[in-house]
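S.K.: Just one file: structure.txt, with compact mmCIF, C-alpha atoms (C1' of nucleotides).
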# COMPACT_ATOMS: atom_id res chain seq x y z
CA MET A 1 122.66 150.58 93.63
CA LYS A 2 124.40 152.81 91.15
CA ILE A 3 126.54 155.65 92.39
CA LYS A 4 124.92 159.02 92.78
CA TYR A 5 126.74 162.29 92.35
CA ASN A 6 125.46 165.36 94.13
CA LEU A 7 126.82 168.71 92.97
CA ILE A 8 126.89 171.02 95.98
CA HIS A 9 128.98 174.04 95.12
CA GLU A 10 130.53 175.50 91.98
CA ASP A 11 133.45 177.88 92.20
CA LYS A 12 132.61 181.39 90.99
CA LYS A 13 135.71 181.94 88.86
CA THR A 14 136.68 178.47 87.65
CA GLN A 15 135.15 175.15 86.70
CA ALA A 16 136.04 173.69 90.11
CA ARG A 17 133.21 172.00 91.97
CA TYR A 18 132.53 170.45 95.30
CA GLY A 19 130.17 167.52 95.62
CA THR A 20 129.49 164.14 97.13
CA LEU A 21 129.44 160.68 95.68
CA LYS A 22 127.04 158.16 97.16
CA THR A 23 128.20 154.57 96.72
CA ASN A 24 127.32 151.08 97.91
CA TYR A 25 129.91 151.60 100.62
CA GLY A 26 129.20 155.06 101.90
CA GLU A 27 129.22 158.66 100.81
CA TYR A 28 132.42 160.48 99.83
CA GLU A 29 133.29 164.08 99.07
CA THR A 30 134.75 165.19 95.77
CA PRO A 31 137.22 166.16 94.43
CA MET A 32 138.82 162.93 95.60
CA PHE A 33 142.00 161.00 95.03
CA MET A 34 141.88 157.23 94.58
CA PRO A 35 144.95 155.09 95.34
CA VAL A 36 145.77 152.34 92.89
CA GLY A 37 145.66 148.69 93.91
CA THR A 38 146.16 146.93 90.59
CA GLN A 39 146.32 143.36 91.84
CA ALA A 40 143.66 143.68 94.52
CA THR A 41 146.03 145.35 96.96
CA VAL A 42 147.43 148.83 97.31
CA LYS A 43 151.03 147.66 97.27
CA THR A 44 152.46 147.14 100.76
CA LEU A 45 149.34 148.46 102.56
CA SER A 46 146.57 146.65 104.39
CA PRO A 47 143.01 147.80 103.71
CA GLU A 48 142.94 149.28 107.22
CA GLU A 49 146.01 151.37 106.43
CA VAL A 50 144.48 152.54 103.17
CA LYS A 51 141.36 153.65 105.00
CA ALA A 52 143.40 155.39 107.68
CA THR A 53 144.82 157.70 105.01
CA GLY A 54 141.29 158.94 104.40
CA ALA A 55 141.09 157.36 100.98
CA GLY A 56 137.61 156.21 99.96
CA VAL A 57 137.65 154.60 96.57
CA ILE A 58 140.51 152.40 95.42
CA LEU A 59 141.32 150.98 92.00
CA ALA A 60 141.88 147.44 90.85
CA ASN A 61 142.69 146.22 87.37
CA THR A 62 140.66 144.00 85.08
CA TYR A 63 143.59 142.81 82.98
CA HIS A 64 145.74 141.78 85.93
CA LEU A 65 142.97 140.06 87.87
CA TRP A 66 141.79 138.32 84.71
CA LEU A 67 145.22 136.70 84.36
CA ARG A 68 145.68 136.02 88.05
CA PRO A 69 143.83 134.73 89.96
CA GLY A 70 141.04 134.84 87.35
CA GLU A 71 137.66 136.51 87.72
CA ASP A 72 135.91 133.23 88.53
CA ILE A 73 137.99 132.75 91.64
CA VAL A 74 137.25 136.29 92.76
CA ALA A 75 133.56 135.65 92.10
CA LYS A 76 133.71 132.42 94.08
CA ALA A 77 135.27 134.34 96.95
CA GLY A 78 132.16 136.51 96.94
CA GLY A 79 133.49 139.37 94.83
CA LEU A 80 136.45 141.68 95.08
CA HIS A 81 135.40 143.29 98.36
CA LYS A 82 135.25 140.00 100.21
CA PHE A 83 138.23 138.58 98.40
CA MET A 84 140.52 141.43 99.50
CA ASN A 85 138.66 142.35 102.68
CA TYR A 86 137.99 145.93 101.60
CA ASP A 87 134.63 147.37 102.56
CA GLY A 88 135.03 150.62 100.66
CA PRO A 89 134.14 151.37 97.04
CA ILE A 90 136.30 149.75 94.37
CA LEU A 91 136.72 150.99 90.83
CA THR A 92 138.08 148.59 88.23
CA ASP A 93 140.02 149.84 85.26
CA SER A 94 138.98 148.04 82.10
CA GLY A 95 142.36 147.00 80.80
CA GLY A 96 142.33 149.95 78.41
CA PHE A 97 145.57 151.29 79.83
CA GLN A 98 147.21 147.95 79.17
CA VAL A 99 146.37 148.50 75.50
CA PHE A 100 148.81 151.35 75.80
CA SER A 101 151.41 149.68 77.98
CA LEU A 102 151.37 146.12 76.63
CA ALA A 103 149.89 145.99 73.12
CA LYS A 104 151.21 147.20 69.78
CA PRO A 105 149.05 149.09 67.24
CA LYS A 106 148.91 146.04 64.99
CA ASP A 107 147.33 144.04 67.82
CA ILE A 108 144.31 146.32 67.88
CA SER A 109 141.30 145.44 65.74
CA GLU A 110 137.61 146.29 65.63
CA GLU A 111 136.87 143.22 67.70
CA GLY A 112 139.31 144.02 70.47
CA VAL A 113 142.94 143.84 71.47
CA MET A 114 145.34 140.92 71.21
CA PHE A 115 147.66 140.78 74.19
CA LYS A 116 150.63 138.65 74.87
CA SER A 117 150.43 137.84 78.53
CA HIS A 118 153.27 139.55 80.36
CA ILE A 119 153.46 136.49 82.57
CA ASP A 120 153.96 133.63 80.13
CA GLY A 121 153.53 135.10 76.65
CA THR A 122 150.19 133.42 75.98
CA LYS A 123 148.13 135.18 73.35
CA LEU A 124 144.92 136.60 74.79
CA MET A 125 142.06 138.59 73.31
CA LEU A 126 140.41 141.29 75.36
CA THR A 127 137.22 142.77 73.94
CA PRO A 128 134.71 145.28 75.29
CA GLU A 129 132.30 142.44 76.05
CA LYS A 130 134.98 140.41 77.78
CA SER A 131 136.22 143.34 79.84
CA ILE A 132 132.71 144.16 81.06
CA ALA A 133 131.95 140.51 81.78
CA ILE A 134 135.09 140.24 83.89
CA GLN A 135 134.27 143.43 85.75
CA ASN A 136 130.72 142.21 86.36
CA LYS A 137 132.16 139.13 88.01
CA LEU A 138 134.75 141.05 89.98
CA ASP A 139 131.75 142.97 91.30
CA SER A 140 133.46 146.33 91.60
CA ASP A 141 131.33 149.38 92.36
CA ILE A 142 132.46 151.28 89.31
CA ALA A 143 133.47 149.61 86.07
CA MET A 144 135.22 151.35 83.23
CA SER A 145 134.48 151.04 79.53
CA PHE A 146 137.10 149.23 77.53
CA ASP A 147 138.92 151.92 75.55
CA GLU A 148 142.04 152.36 73.54
CA CYS A 149 144.55 154.54 75.30
CA PRO A 150 146.86 155.66 72.50
CA PRO A 151 150.34 157.07 73.04
CA ALA A 152 150.81 160.83 73.17
CA SER A 153 152.72 160.66 69.92
CA ALA A 154 149.74 159.29 67.93
CA SER A 155 148.75 161.30 64.86
CA HIS A 156 145.44 163.09 64.40
CA GLU A 157 144.47 160.57 61.75
CA TYR A 158 145.25 157.62 63.96
CA LEU A 159 143.44 159.19 66.91
CA LYS A 160 140.35 159.95 64.83
CA ASN A 161 139.92 156.28 63.96
CA SER A 162 140.82 155.22 67.46
CA VAL A 163 138.32 157.58 69.09
CA GLU A 164 135.50 156.45 66.81
CA ARG A 165 136.28 152.84 67.60
CA THR A 166 136.44 153.55 71.32
CA VAL A 167 132.90 154.98 71.10
CA ARG A 168 131.74 151.79 69.39
CA TRP A 169 133.48 149.75 72.06
CA ALA A 170 131.75 151.81 74.75
CA LYS A 171 128.36 151.01 73.21
CA ARG A 172 129.18 147.32 73.00
CA GLY A 173 130.24 147.26 76.64
CA LEU A 174 127.11 149.08 77.72
CA ASP A 175 124.94 146.59 75.83
CA VAL A 176 126.30 143.61 77.74
CA HIS A 177 126.67 145.27 81.14
CA GLN A 178 124.43 143.41 83.58
CA ASN A 179 125.47 143.98 87.18
CA PRO A 180 122.71 146.20 88.62
CA LYS A 181 124.83 147.24 91.62
CA GLN A 182 127.70 148.30 89.43
CA SER A 183 128.07 151.71 87.78
CA LEU A 184 129.72 152.09 84.40
CA PHE A 185 131.81 155.02 83.18
CA GLY A 186 132.47 156.11 79.61
CA ILE A 187 135.88 157.37 78.58
CA VAL A 188 136.66 160.43 76.49
CA GLN A 189 139.75 160.13 74.30
CA GLY A 190 141.13 162.28 71.50
CA GLY A 191 144.68 163.16 72.48
CA PRO A 192 145.54 166.85 72.40
CA TYR A 193 143.01 167.69 69.66
CA ALA A 194 140.00 169.88 70.40
CA ASP A 195 137.83 168.46 67.61
CA LEU A 196 138.45 164.86 68.64
CA ARG A 197 137.88 165.53 72.33
CA LYS A 198 134.63 167.27 71.48
CA TYR A 199 133.48 164.44 69.23
CA SER A 200 134.48 161.80 71.75
CA ALA A 201 132.75 163.58 74.63
CA ILE A 202 129.50 164.22 72.76
CA GLU A 203 129.22 160.70 71.36
CA THR A 204 130.11 159.06 74.67
CA VAL A 205 127.63 161.18 76.63
CA LYS A 206 124.89 160.20 74.17
CA LEU A 207 125.28 156.63 75.36
CA ASP A 208 124.41 157.77 78.88
CA PHE A 209 126.91 156.44 81.42
CA ASP A 210 126.96 156.82 85.20
CA GLY A 211 130.07 158.97 85.00
CA TYR A 212 132.68 160.12 82.53
CA SER A 213 136.42 159.85 82.38
CA ILE A 214 139.02 161.74 80.51
CA GLY A 215 141.71 159.34 79.41
CA GLY A 216 144.78 159.23 77.27
CA VAL A 217 146.42 161.89 79.35
CA ALA A 218 149.81 161.94 81.06
CA ASN A 219 151.12 159.17 78.81
CA ASP A 220 154.72 159.11 77.66
CA ASP A 221 156.28 162.50 77.95
CA GLU A 222 153.12 164.40 77.09
CA ALA A 223 153.45 168.10 77.74
CA LYS A 224 151.47 169.45 80.68
CA GLU A 225 149.80 172.00 78.45
CA ASP A 226 148.45 169.23 76.22
CA MET A 227 147.00 167.54 79.25
CA TYR A 228 145.32 170.69 80.56
CA ASN A 229 144.01 171.44 77.08
CA ALA A 230 142.61 167.93 76.73
CA ILE A 231 140.58 168.52 79.89
CA GLU A 232 139.37 171.93 78.73
CA TYR A 233 138.33 170.54 75.34
CA SER A 234 136.31 167.74 76.97
CA ILE A 235 134.65 169.22 80.04
CA PRO A 236 132.16 171.55 78.29
CA TYR A 237 130.40 168.53 76.78
CA LEU A 238 130.10 166.50 79.97
CA PRO A 239 126.89 166.70 82.04
CA LYS A 240 127.12 168.55 85.32
CA ASP A 241 125.16 165.95 87.24
CA LYS A 242 127.64 163.14 86.66
CA PRO A 243 131.12 162.68 88.15
CA ARG A 244 134.18 163.37 86.01
CA TYR A 245 137.27 161.31 86.44
CA LEU A 246 140.72 162.19 85.08
CA MET A 247 142.51 158.91 84.61
CA GLY A 248 146.04 158.38 85.78
CA VAL A 249 146.71 161.79 87.30
CA GLY A 250 148.80 162.48 89.24
CA GLU A 251 151.24 164.95 90.43
CA PRO A 252 149.94 167.37 93.06
CA ILE A 253 150.02 170.31 90.66
CA ASP A 254 148.15 168.30 88.03
CA ILE A 255 145.43 167.43 90.51
CA ILE A 256 145.05 171.11 91.34
CA GLU A 257 144.94 172.11 87.68
CA GLY A 258 142.47 169.30 87.01
CA VAL A 259 140.16 170.40 89.82
CA ILE A 260 140.23 173.96 88.54
CA ARG A 261 139.11 172.64 85.15
CA GLY A 262 136.19 170.67 86.61
CA ILE A 263 137.52 167.23 87.53
CA ASP A 264 136.08 165.32 90.51
CA MET A 265 138.11 162.12 90.68
CA PHE A 266 141.75 161.22 90.20
CA ASP A 267 143.83 158.09 90.45
CA CYS A 268 147.54 157.61 90.16
CA VAL A 269 150.29 155.14 90.96
CA ILE A 270 152.67 157.96 91.75
CA PRO A 271 152.33 158.08 95.53
CA THR A 272 152.94 154.36 95.91
CA ARG A 273 155.48 153.95 93.14
CA ILE A 274 157.75 156.79 94.19
CA ALA A 275 157.40 155.59 97.78
CA ARG A 276 158.91 152.25 96.83
CA HIS A 277 161.82 154.16 95.32
CA GLY A 278 162.35 156.35 98.35
CA ASN A 279 160.51 159.56 97.48
CA ALA A 280 158.05 161.51 99.60
CA PHE A 281 155.72 164.35 98.77
CA THR A 282 156.07 167.42 100.97
CA ARG A 283 154.64 170.91 100.86
CA HIS A 284 158.09 171.99 99.74
CA GLY A 285 158.39 169.60 96.83
CA ARG A 286 159.56 166.05 96.45
CA MET A 287 161.94 164.66 99.03
CA ASN A 288 164.35 161.87 98.22
CA ILE A 289 164.67 160.16 101.57
CA LYS A 290 167.80 158.37 100.37
CA ASN A 291 169.76 161.61 100.26
CA ALA A 292 172.76 161.54 102.58
CA LYS A 293 171.60 164.72 104.29
CA TYR A 294 168.84 162.76 106.05
CA LYS A 295 171.23 160.22 107.54
CA GLU A 296 171.02 161.79 110.99
CA ASP A 297 167.72 163.60 110.62
CA PHE A 298 165.58 162.39 113.49
CA THR A 299 162.51 164.46 112.60
CA PRO A 300 159.44 163.32 110.65
CA ILE A 301 159.11 163.78 106.90
CA GLU A 302 156.72 166.64 107.62
CA GLU A 303 156.28 168.09 111.10
CA ASP A 304 152.65 169.04 110.53
CA CYS A 305 151.57 165.87 108.74
CA ASP A 306 149.06 163.73 110.61
CA CYS A 307 149.87 160.44 108.87
CA TYR A 308 150.96 157.32 110.72
CA ALA A 309 154.51 157.56 109.35
CA CYS A 310 155.02 161.16 110.37
CA LYS A 311 153.50 160.64 113.80
CA HIS A 312 155.80 157.77 114.71
CA TYR A 313 158.91 157.63 112.54
CA THR A 314 161.92 159.75 111.56
CA LYS A 315 163.56 160.45 108.23
CA ALA A 316 166.74 158.72 109.40
CA TYR A 317 164.82 155.54 110.21
CA ILE A 318 162.78 155.49 107.00
CA ARG A 319 165.94 156.26 105.02
CA HIS A 320 167.59 153.28 106.62
CA LEU A 321 164.65 151.00 105.80
CA ILE A 322 164.64 152.11 102.16
CA ASN A 323 168.40 151.71 101.90
CA VAL A 324 168.32 148.14 103.16
CA ASP A 325 165.26 147.40 101.03
CA GLU A 326 162.91 146.63 103.88
CA THR A 327 159.24 146.64 102.89
CA PHE A 328 158.26 148.61 105.96
CA GLY A 329 160.03 151.66 104.51
CA ALA A 330 157.99 151.49 101.31
CA ARG A 331 154.90 151.03 103.44
CA LEU A 332 155.56 154.10 105.58
CA LEU A 333 156.31 156.27 102.54
CA SER A 334 153.23 154.95 100.73
CA ILE A 335 151.08 155.85 103.73
CA HIS A 336 152.59 159.32 103.83
CA ASN A 337 152.28 159.95 100.10
CA ILE A 338 148.68 158.79 99.88
CA ARG A 339 147.81 160.82 102.93
CA PHE A 340 149.54 163.81 101.32
CA LEU A 341 147.33 163.63 98.23
CA ILE A 342 144.21 162.98 100.29
CA ARG A 343 145.00 166.03 102.42
CA LEU A 344 145.57 168.00 99.24
CA THR A 345 142.05 167.14 98.09
CA GLU A 346 140.67 167.98 101.54
CA GLN A 347 142.23 171.42 101.26
CA LEU A 348 141.00 171.81 97.69
CA ARG A 349 137.43 171.08 98.79
CA ILE A 350 137.62 173.73 101.47
CA ALA A 351 139.11 176.19 99.00
CA ILE A 352 136.29 175.51 96.51
CA LYS A 353 133.62 176.01 99.15
CA GLU A 354 135.28 179.30 100.07
CA ASP A 355 135.66 180.34 96.42
CA ARG A 356 139.39 180.75 96.77
CA ILE A 357 140.69 177.90 94.65
CA LEU A 358 142.91 180.18 92.53
CA GLU A 359 144.48 181.66 95.64
CA TYR A 360 145.08 178.15 96.92
CA ARG A 361 146.87 177.24 93.70
CA GLU A 362 149.14 180.26 94.04
CA GLU A 363 149.97 179.40 97.64
CA PHE A 364 150.66 175.82 96.75
CA ILE A 365 152.95 176.65 93.85
CA ARG A 366 154.89 179.15 95.94
CA SER A 367 155.48 176.58 98.63
CA TYR A 368 156.00 173.51 96.44
CA TYR A 369 158.38 175.01 93.92
CA GLU A 370 160.28 177.61 95.96
CA LYS A 371 164.02 177.07 95.84
CA ASP A 372 165.14 177.24 99.47
CA GLN A 373 163.12 175.21 101.90
C1' G B 374 215.30 131.49 108.91
C1' C B 375 214.68 129.55 103.56
C1' G B 376 211.64 129.21 99.10
C1' G B 377 207.15 130.48 96.16
C1' A B 378 202.89 133.68 95.16
C1' A B 379 200.35 138.15 95.60
C1' U B 380 199.95 143.67 96.32
C1' U B 381 194.97 148.15 91.08
C1' G B 382 189.04 152.90 93.95
C1' G B 383 184.91 151.93 99.72
C1' U B 384 184.58 146.33 98.24
C1' G B 385 185.24 142.08 94.65
C1' A B 386 188.19 142.49 90.83
C1' A B 387 189.70 142.94 84.81
C1' G B 388 193.71 144.91 82.17
C1' U B 389 197.62 146.22 77.96
C1' G B 390 204.54 148.53 77.20
C1' G B 391 201.62 153.81 73.88
C1' U B 392 195.53 158.83 73.77
C1' U B 393 190.39 159.52 78.74
C1' A B 394 192.38 152.21 83.89
C1' A B 395 186.81 147.16 82.02
C1' C B 396 182.91 145.23 84.75
C1' A B 397 180.08 144.41 89.25
C1' C B 398 178.62 145.90 94.08
C1' G B 399 178.66 150.04 97.27
C1' C B 400 178.35 155.17 97.62
C1' C B 401 176.39 160.11 95.67
C1' G B 402 172.56 162.29 92.65
C1' G B 403 168.20 162.07 89.38
C1' A B 404 163.74 159.88 87.12
C1' U B 405 158.83 157.60 87.89
C1' U B 406 151.27 160.33 86.09
C1' G B 407 144.20 154.52 84.37
C1' U B 408 151.57 149.93 88.04
C1' G B 409 154.80 144.27 83.44
C1' G B 410 156.47 146.49 92.45
C1' C B 411 161.76 145.50 94.06
C1' U B 412 163.12 149.48 87.82
C1' C B 413 165.62 152.98 84.74
C1' C B 414 169.39 157.05 83.90
C1' G B 415 173.74 159.70 85.42
C1' G B 416 178.22 160.48 88.58
C1' U B 417 182.00 158.18 91.36
C1' A B 418 190.56 155.63 91.15
C1' U B 419 194.84 163.04 88.69
C1' G B 420 195.97 156.92 89.93
C1' C B 421 197.51 150.87 89.83
C1' G B 422 202.02 148.84 97.83
C1' U B 423 206.87 152.17 98.63
C1' G B 424 211.54 153.77 96.54
C1' G B 425 214.77 153.37 92.54
C1' G B 426 215.96 151.81 87.45
C1' U B 427 215.22 150.37 81.98
C1' U B 428 212.49 152.89 77.91
C1' C B 429 210.78 158.09 73.47
C1' G B 430 206.88 156.12 76.82
C1' A B 431 205.40 151.75 82.33
C1' C B 432 199.97 149.77 86.14
C1' C B 433 202.18 146.36 82.74
C1' C B 434 209.84 144.93 82.31
C1' C B 435 214.19 144.92 86.18
C1' C B 436 216.10 145.75 91.42
C1' A B 437 215.43 146.75 96.58
C1' C B 438 212.18 147.35 100.57
C1' A B 439 207.30 146.75 102.99
C1' U B 440 202.88 144.04 103.71
C1' U B 441 199.85 139.66 103.02
C1' U B 442 199.70 134.57 102.07
C1' C B 443 201.29 129.41 101.12
C1' G B 444 205.01 125.59 101.83
C1' C B 445 209.48 123.78 104.47
C1' C B 446 212.67 123.73 108.84
Can you dump the structure from the file as structure tokens?

M.R.:
Amino acid sequence: MKIKYNLIHEDKKTQARYGTLKTNYGEYETPMFMPVGTQATVKTLSPEEVKATGAGVILANTYHLWLRPGEDIVAKAGGLHKFMNYDGPILTDSGGFQVFSLAKPKDISEEGVMFKSHIDGTKLMLTPEKSIAIQNKLDSDIAMSFDECPPASASHEYLKNSVERTVRWAKRGLDVHQNPKQSLFGIVQGGPYADLRKYSAIETVKLDFDGYSIGGVANDDEAKEDMYNAIEYSIPYLPKDKPRYLMGVGEPIDIIEGVIRGIDMFDCVIPTRIARHGNAFTRHGRMNIKNAKYKEDFTPIEEDCDCYACKHYTKAYIRHLINVDETFGARLLSIHNIRFLIRLTEQLRIAIKEDRILEYREEFIRSYYEKDQ
RNA sequence: GCGGAAUUGGUGAAGUGGUUAACACGCCGGAUUGUGGCUCCGGUAUGCGUGGGUUCGACCCCCACAUUUCGCC
């Protein structure tokens, strides 16, 4: 079946909303955070550990799985869920982000995008049809339209053409989409420009997708204001009865600001990437576990955190693991960081239901950014 | 005991008679937003074994001493 979004409560003062998302693998509350598992694994974590953080949906990536092991092998295995032993919902990104991270503007044509494989340099063509066909075979629960994700520095003129093409690509993808159990999302682009976001949102919604994403945000060194504006320019044109997904975000404060502006779903590599480099989220800001001051600190990362890492391990031990490059350290920090963002969304949902989301933001900022901990 | 060689930061080490002593690792910080995991960016020797001497100037030349190391007895 397709996913089904149920809007339950709208905040009185903001665009924030609480709802549920019914999927092939259970029902989940929104706003939600989705950990990223590009190559059919949330790096360093087992599916059981991912679930234990409270995460529902996870991401996988069309481009990466296309190259290795290939969608046919995943299909032969019985689809992505069986292949990776994950019985929760899986969302596949279309490869659109790799247009941003791997391709050059000259590689982009009406037909699609020419990539040079990052593995062996082979030239490859990814098109909307191809992306959807791969995702159909991967058998994810939510597929994404193949879009162009332009850099933050792109000009209005460039973005105008890009956005129009992305709408055409969305239509082409929709036309060949066949998997009846799989939902398909459209993606709103348009950079920091109100007129382009509006155009992109209206035209994409006309095609009638199962949900809508806001993309092209948090790329490069995009200013936070541009990102918040991009959301505000897009949201008014998205239907209330469909989920809204802000792609690639993010930082705790950005999730809060996104929720306040009407976003239901987020994904980001941040919790797992910074974990591998020794950083942990805490209510008092980011903690670099490698700092010498934690050498003899035999307390958990956060005393009141209920994650596996905080319940069983100390800063001194995790610091040691990270310093000697042991995978278990990255694993413990990844568990903590994902749990941190999941807890954040849990608290946001409660705040929405109690109509005190703005107060929650103030409390969070005071705690997260205060100087002395 | 005799002869040779060596002695530069936490480590391995480069270096030239002339402003701020290379590089690597380590260490200390920082970054990281739809993932090209194990990356990137900073900082880190007021001093070149010790004491003399030569020189306008010495880590670099000379002498003595100390330590290490190799060979011989």

S.K.: For chain A, which residues have at least one atom within 9 Å of chain B, if we go by only C-alpha atoms (C1' of nucleotides)? Write them as a CSV table (one decimal) with C-alpha atoms, in the frame of the given file, please.

M.R.:
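See selection-v4.csv below for the written result:
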chain,number,residue,atom,x,y,z
A,36,VAL,CA,145.8,152.3,92.9
A,37,GLY,CA,145.7,148.7,93.9
A,38,THR,CA,146.2,146.9,90.6
A,43,LYS,CA,151.0,147.7,97.3
A,59,LEU,CA,141.3,151.0,92.0
A,61,ASN,CA,142.7,146.2,87.4
A,93,ASP,CA,140.0,149.8,85.3
A,94,SER,CA,139.0,148.0,82.1
A,95,GLY,CA,142.4,147.0,80.8
A,96,GLY,CA,142.3,150.0,78.4
A,97,PHE,CA,145.6,151.3,79.8
A,98,GLN,CA,147.2,148.0,79.2
A,101,SER,CA,151.4,149.7,78.0
A,102,LEU,CA,151.4,146.1,76.6
A,118,HIS,CA,153.3,139.6,80.4
A,119,ILE,CA,153.5,136.5,82.6
A,215,GLY,CA,141.7,159.3,79.4
A,216,GLY,CA,144.8,159.2,77.3
A,217,VAL,CA,146.4,161.9,79.4
A,218,ALA,CA,149.8,161.9,81.1
A,219,ASN,CA,151.1,159.2,78.8
A,246,LEU,CA,140.7,162.2,85.1
A,247,MET,CA,142.5,158.9,84.6
A,248,GLY,CA,146.0,158.4,85.8
A,249,VAL,CA,146.7,161.8,87.3
A,250,GLY,CA,148.8,162.5,89.2
A,251,GLU,CA,151.2,165.0,90.4
A,254,ASP,CA,148.2,168.3,88.0
A,267,ASP,CA,143.8,158.1,90.4
A,268,CYS,CA,147.5,157.6,90.2
A,269,VAL,CA,150.3,155.1,91.0
A,270,ILE,CA,152.7,158.0,91.8
A,273,ARG,CA,155.5,154.0,93.1
A,274,ILE,CA,157.8,156.8,94.2
A,276,ARG,CA,158.9,152.2,96.8
A,277,HIS,CA,161.8,154.2,95.3
A,291,ASN,CA,169.8,161.6,100.3
A,292,ALA,CA,172.8,161.5,102.6
A,325,ASP,CA,165.3,147.4,101.0

S.K.: As number ranges by chain, please: the residues near A:Ser131 (cut-off 10 Å, all atoms listed in the file, same-chain neighbours under 6 positions excluded).

M.R.: A: 62-63, 66, 93-96, 112, 125, 143-147, 173, 177

S.K.: Report as a PyMOL selection string all protein, DNA and RNA residues lying within 12 Å of A:Ile3, evaluated on all atoms listed in the file, omitting residues in the same chain fewer than 3 positions from it.

M.R.: chain A and resi 6+20-28+57+89-91+140-143+180-185+209-211+241-243

S.K.: Near A:Tyr193, within 10 Å and counting only C-alpha atoms (C1' of nucleotides), which residues show up once chain neighbours fewer than 2 positions away are dropped, as a VMD selection string?

M.R.: chain A and resid 155 to 156 159 to 160 189 to 191 195 to 198 226 229 to 230 233 to 234

S.K.: At what distance in Å, to one decimal, does atom CA of A:Glu222 lie from atom CA of A:Pro151?

M.R.: 8.8 Å

S.K.: Mind listing whatever residues come within 9 Å of the point (150.6, 138.9, 78.0)? Use all atoms listed in the file, file coordinates, and give them as a PyMOL selection string.

M.R.: (chain A and resi 67+102-103+114-124) or (chain B and resi 409)

S.K.: What separation in Å, quoted to one decimal, exists between atom CA of A:Leu238 and atom CA of A:Ile365?

M.R.: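 Atom CA of A:Leu238 sits 28.6 Å away from atom CA of A:Ile365.
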
S.K.: One decimal, in Å: what's the spacing between atom CA of A:Ala170 and atom CA of A:Thr204?

M.R.: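 Straight-line distance from atom CA of A:Ala170 to atom CA of A:Thr204 works out to 7.4 Å.
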